[in-house]
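Novice: Below is the structure I would like to discuss, written out as structure tokens.
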Amino acid sequence: MNLGAIASTLRSRRFWVWQIGGVLIYAIPATFRIVTGNIHLPILSAFMPPWSTPFVPRNIVEKVLVNGFFPGGAGAVAGEIFYANSHGQPFSRKQKYLARLGGALLWTAGWSLFQLWGNLQNITGSYGGNLFESPLVFPLNFALASLSIFTPTVLGFIKTKLAHRLRRKKS
């Protein structure tokens, strides 16, 4: 284990922006449910599919959006930063996405263990259901984590386009 790479990763501003931002994005729907006692989010409930399975919840749109940032996106950025710090050299696009995949899967595994622990505690929310996800949803979480390796790239593209557009308007 490369302790220097871990220390450098923990000193990275980008690492903390993604960790804290991802947790905040993840917490918004959970907080709404706890505070209001309603499992349906005002905007995203309009996009709920009429069907539901134990493996794919009805809040699939919310799940895709939220998991793109935490734990998947945050883990992807952590994996990329750690890999860059541990190798100290420029790496290829393939290596970058493999590092992101490793980080996303590791973060999702850790979050799934926490979710499993919470689910086994059977802590109910104000809406009557368990506050934690069912273990039957974990495979979907890992599938979403494997897709969330592209979230930093997509957000970087959007940021670049917006910055370019704002610079053009000022000119």
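Here, A, B, ... name the chains of the structure tokens in the order displayed, residue numbers run from 1 inside each chain, and ligands are numbered from 1 in the same displayed order.
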Determine, counting only C-alpha atoms, which protein, DNA and RNA residues have an atom within 10 Å of an atom of A:Leu136; residues of the same chain fewer than 6 positions away are not included. Present the result as a ChimeraX atom specification.

Specialist: /A:53-57

Novice: Identify all residues of chain A in alpha helix (DSSP H) (DSSP on the backbone) and supply them as a ChimeraX atom specification.

Specialist: /A:3-10,13-36,60-67,72-87,93-121,138-147,151-170

Novice: Report as a ChimeraX atom specification all protein, DNA and RNA residues lying within 8 Å of A:Arg33, evaluated on only C-alpha atoms, omitting residues in the same chain fewer than 6 positions from it.

Specialist: /A:39-41,125-127

Novice: Determine, counting only C-alpha atoms, which protein, DNA and RNA residues have an atom within 12 Å of an atom of stretch 154-171 of chain A; residues of the same chain fewer than 4 positions away are not included. Present the result as an NGL selection string.

Specialist: :A and (18 or 68-69 or 73 or 147-150)

Novice: Restricting the output to all heavy atoms, write the selected residues as a PDB file, in the first residue's frame.

Specialist:
```
ATOM      1  N   TRP A  18     -15.469  16.379  -4.585  1.00  0.00           N
ATOM      2  CA  TRP A  18     -16.317  15.269  -5.036  1.00  0.00           C
ATOM      3  C   TRP A  18     -16.904  14.481  -3.874  1.00  0.00           C
ATOM      4  O   TRP A  18     -18.053  14.042  -3.936  1.00  0.00           O
ATOM      5  CB  TRP A  18     -15.541  14.345  -5.980  1.00  0.00           C
ATOM      6  CG  TRP A  18     -15.617  14.838  -7.382  1.00  0.00           C
ATOM      7  CD1 TRP A  18     -14.791  15.733  -7.997  1.00  0.00           C
ATOM      8  CD2 TRP A  18     -16.613  14.490  -8.343  1.00  0.00           C
ATOM      9  NE1 TRP A  18     -15.215  15.951  -9.276  1.00  0.00           N
ATOM     10  CE2 TRP A  18     -16.323  15.199  -9.519  1.00  0.00           C
ATOM     11  CE3 TRP A  18     -17.707  13.642  -8.330  1.00  0.00           C
ATOM     12  CZ2 TRP A  18     -17.101  15.087 -10.667  1.00  0.00           C
ATOM     13  CZ3 TRP A  18     -18.478  13.518  -9.472  1.00  0.00           C
ATOM     14  CH2 TRP A  18     -18.168  14.248 -10.622  1.00  0.00           C
ATOM     15  N   GLY A  68     -24.725   8.637  -9.749  1.00  0.00           N
ATOM     16  CA  GLY A  68     -23.689   9.168 -10.624  1.00  0.00           C
ATOM     17  C   GLY A  68     -22.697  10.030  -9.871  1.00  0.00           C
ATOM     18  O   GLY A  68     -21.562  10.208 -10.303  1.00  0.00           O
ATOM     19  N   PHE A  69     -23.124  10.575  -8.724  1.00  0.00           N
ATOM     20  CA  PHE A  69     -22.256  11.439  -7.931  1.00  0.00           C
ATOM     21  C   PHE A  69     -21.726  10.750  -6.678  1.00  0.00           C
ATOM     22  O   PHE A  69     -20.566  10.920  -6.323  1.00  0.00           O
ATOM     23  CB  PHE A  69     -23.010  12.716  -7.536  1.00  0.00           C
ATOM     24  CG  PHE A  69     -23.302  13.589  -8.710  1.00  0.00           C
ATOM     25  CD1 PHE A  69     -24.516  13.512  -9.366  1.00  0.00           C
ATOM     26  CD2 PHE A  69     -22.346  14.462  -9.191  1.00  0.00           C
ATOM     27  CE1 PHE A  69     -24.770  14.306 -10.465  1.00  0.00           C
ATOM     28  CE2 PHE A  69     -22.590  15.262 -10.290  1.00  0.00           C
ATOM     29  CZ  PHE A  69     -23.812  15.182 -10.934  1.00  0.00           C
ATOM     30  N   GLY A  73     -19.529   8.344  -8.596  1.00  0.00           N
ATOM     31  CA  GLY A  73     -18.714   9.443  -9.110  1.00  0.00           C
ATOM     32  C   GLY A  73     -17.610   9.846  -8.148  1.00  0.00           C
ATOM     33  O   GLY A  73     -16.469  10.084  -8.553  1.00  0.00           O
ATOM     34  N   LEU A 147     -21.051   2.857 -14.623  1.00  0.00           N
ATOM     35  CA  LEU A 147     -21.375   3.928 -15.569  1.00  0.00           C
ATOM     36  C   LEU A 147     -20.955   5.297 -15.049  1.00  0.00           C
ATOM     37  O   LEU A 147     -20.722   6.219 -15.830  1.00  0.00           O
ATOM     38  CB  LEU A 147     -22.878   3.930 -15.865  1.00  0.00           C
ATOM     39  CG  LEU A 147     -23.415   2.711 -16.602  1.00  0.00           C
ATOM     40  CD1 LEU A 147     -24.933   2.772 -16.702  1.00  0.00           C
ATOM     41  CD2 LEU A 147     -22.780   2.607 -17.977  1.00  0.00           C
ATOM     42  N   SER A 148     -20.858   5.429 -13.736  1.00  0.00           N
ATOM     43  CA  SER A 148     -20.539   6.736 -13.150  1.00  0.00           C
ATOM     44  C   SER A 148     -19.095   7.153 -13.374  1.00  0.00           C
ATOM     45  O   SER A 148     -18.735   8.282 -13.045  1.00  0.00           O
ATOM     46  CB  SER A 148     -20.860   6.733 -11.658  1.00  0.00           C
ATOM     47  OG  SER A 148     -19.985   5.880 -10.973  1.00  0.00           O
ATOM     48  N   ILE A 149     -18.285   6.289 -13.954  1.00  0.00           N
ATOM     49  CA  ILE A 149     -16.906   6.675 -14.271  1.00  0.00           C
ATOM     50  C   ILE A 149     -16.882   7.778 -15.326  1.00  0.00           C
ATOM     51  O   ILE A 149     -15.877   8.470 -15.482  1.00  0.00           O
ATOM     52  CB  ILE A 149     -16.051   5.469 -14.723  1.00  0.00           C
ATOM     53  CG1 ILE A 149     -16.559   4.886 -16.027  1.00  0.00           C
ATOM     54  CG2 ILE A 149     -15.992   4.418 -13.624  1.00  0.00           C
ATOM     55  CD1 ILE A 149     -15.677   3.799 -16.613  1.00  0.00           C
ATOM     56  N   PHE A 150     -17.995   7.983 -16.003  1.00  0.00           N
ATOM     57  CA  PHE A 150     -18.069   9.027 -17.020  1.00  0.00           C
ATOM     58  C   PHE A 150     -18.611  10.342 -16.472  1.00  0.00           C
ATOM     59  O   PHE A 150     -18.548  11.360 -17.158  1.00  0.00           O
ATOM     60  CB  PHE A 150     -18.935   8.556 -18.197  1.00  0.00           C
ATOM     61  CG  PHE A 150     -18.408   7.306 -18.841  1.00  0.00           C
ATOM     62  CD1 PHE A 150     -19.086   6.104 -18.687  1.00  0.00           C
ATOM     63  CD2 PHE A 150     -17.232   7.309 -19.554  1.00  0.00           C
ATOM     64  CE1 PHE A 150     -18.600   4.944 -19.265  1.00  0.00           C
ATOM     65  CE2 PHE A 150     -16.733   6.153 -20.128  1.00  0.00           C
ATOM     66  CZ  PHE A 150     -17.422   4.964 -19.985  1.00  0.00           C
TER      67      PHE A 150
END
```

Novice: Under the rule that only C-alpha atoms are counted, which of A:Pro90, A:Arg58, A:Thr31, A:Ala109 is the nearest residue to A:Leu131?

Specialist: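 Using only C-alpha atoms, the shortest distance to A:Leu131 belongs to A:Thr31.
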
Novice: Do a neighbour search on stretch 138-145 of chain A at 9 Å with only C-alpha atoms, toss out local chain neighbours closer than 4 positions, and write the hits as a VMD selection string.

Specialist: chain A and resid 55 to 56 63 to 64 67 to 68 70 to 73 75 to 76 101 104 to 105 107 to 109 112 133 to 134 149

Novice: Of the residues A:Asn130, A:Thr151, A:Thr9, A:Gln115, which is the one nearest to A:Gly79, using only C-alpha atoms?

Specialist: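 Ranked by minimum distance to A:Gly79, first place goes to A:Thr9.
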
Novice: Between atom CA of A:Leu106 and atom CA of A:Met48, what is the distance in Å, rounded to a tenth?

Specialist: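 Separation between atom CA of A:Leu106 and atom CA of A:Met48: 28.8 Å.
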
Novice: Looking at A:Ile25, A:Ala99, A:Val35, A:Ile20, which one is nearest to A:Phe82, with distances taken over only C-alpha atoms?

Specialist: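 The answer is A:Ala99, which sits nearest to A:Phe82.
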
Novice: Rounded to one decimal in Å, what is the spacing between atom CA of A:Gln121 and atom CA of A:Glu62?

Specialist: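 So the answer is 24.2 Å.
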
Novice: Which is closest to A:Pro152 among A:Ala27, A:Ser92, A:Tyr97, A:Tyr83, if we use only C-alpha atoms?

Specialist: A:Tyr97

Novice: For A:Leu116, which of A:Phe132, A:Gly103, A:Leu65, A:Asn85 is the closest residue, counting only C-alpha atoms?

Specialist: A:Phe132
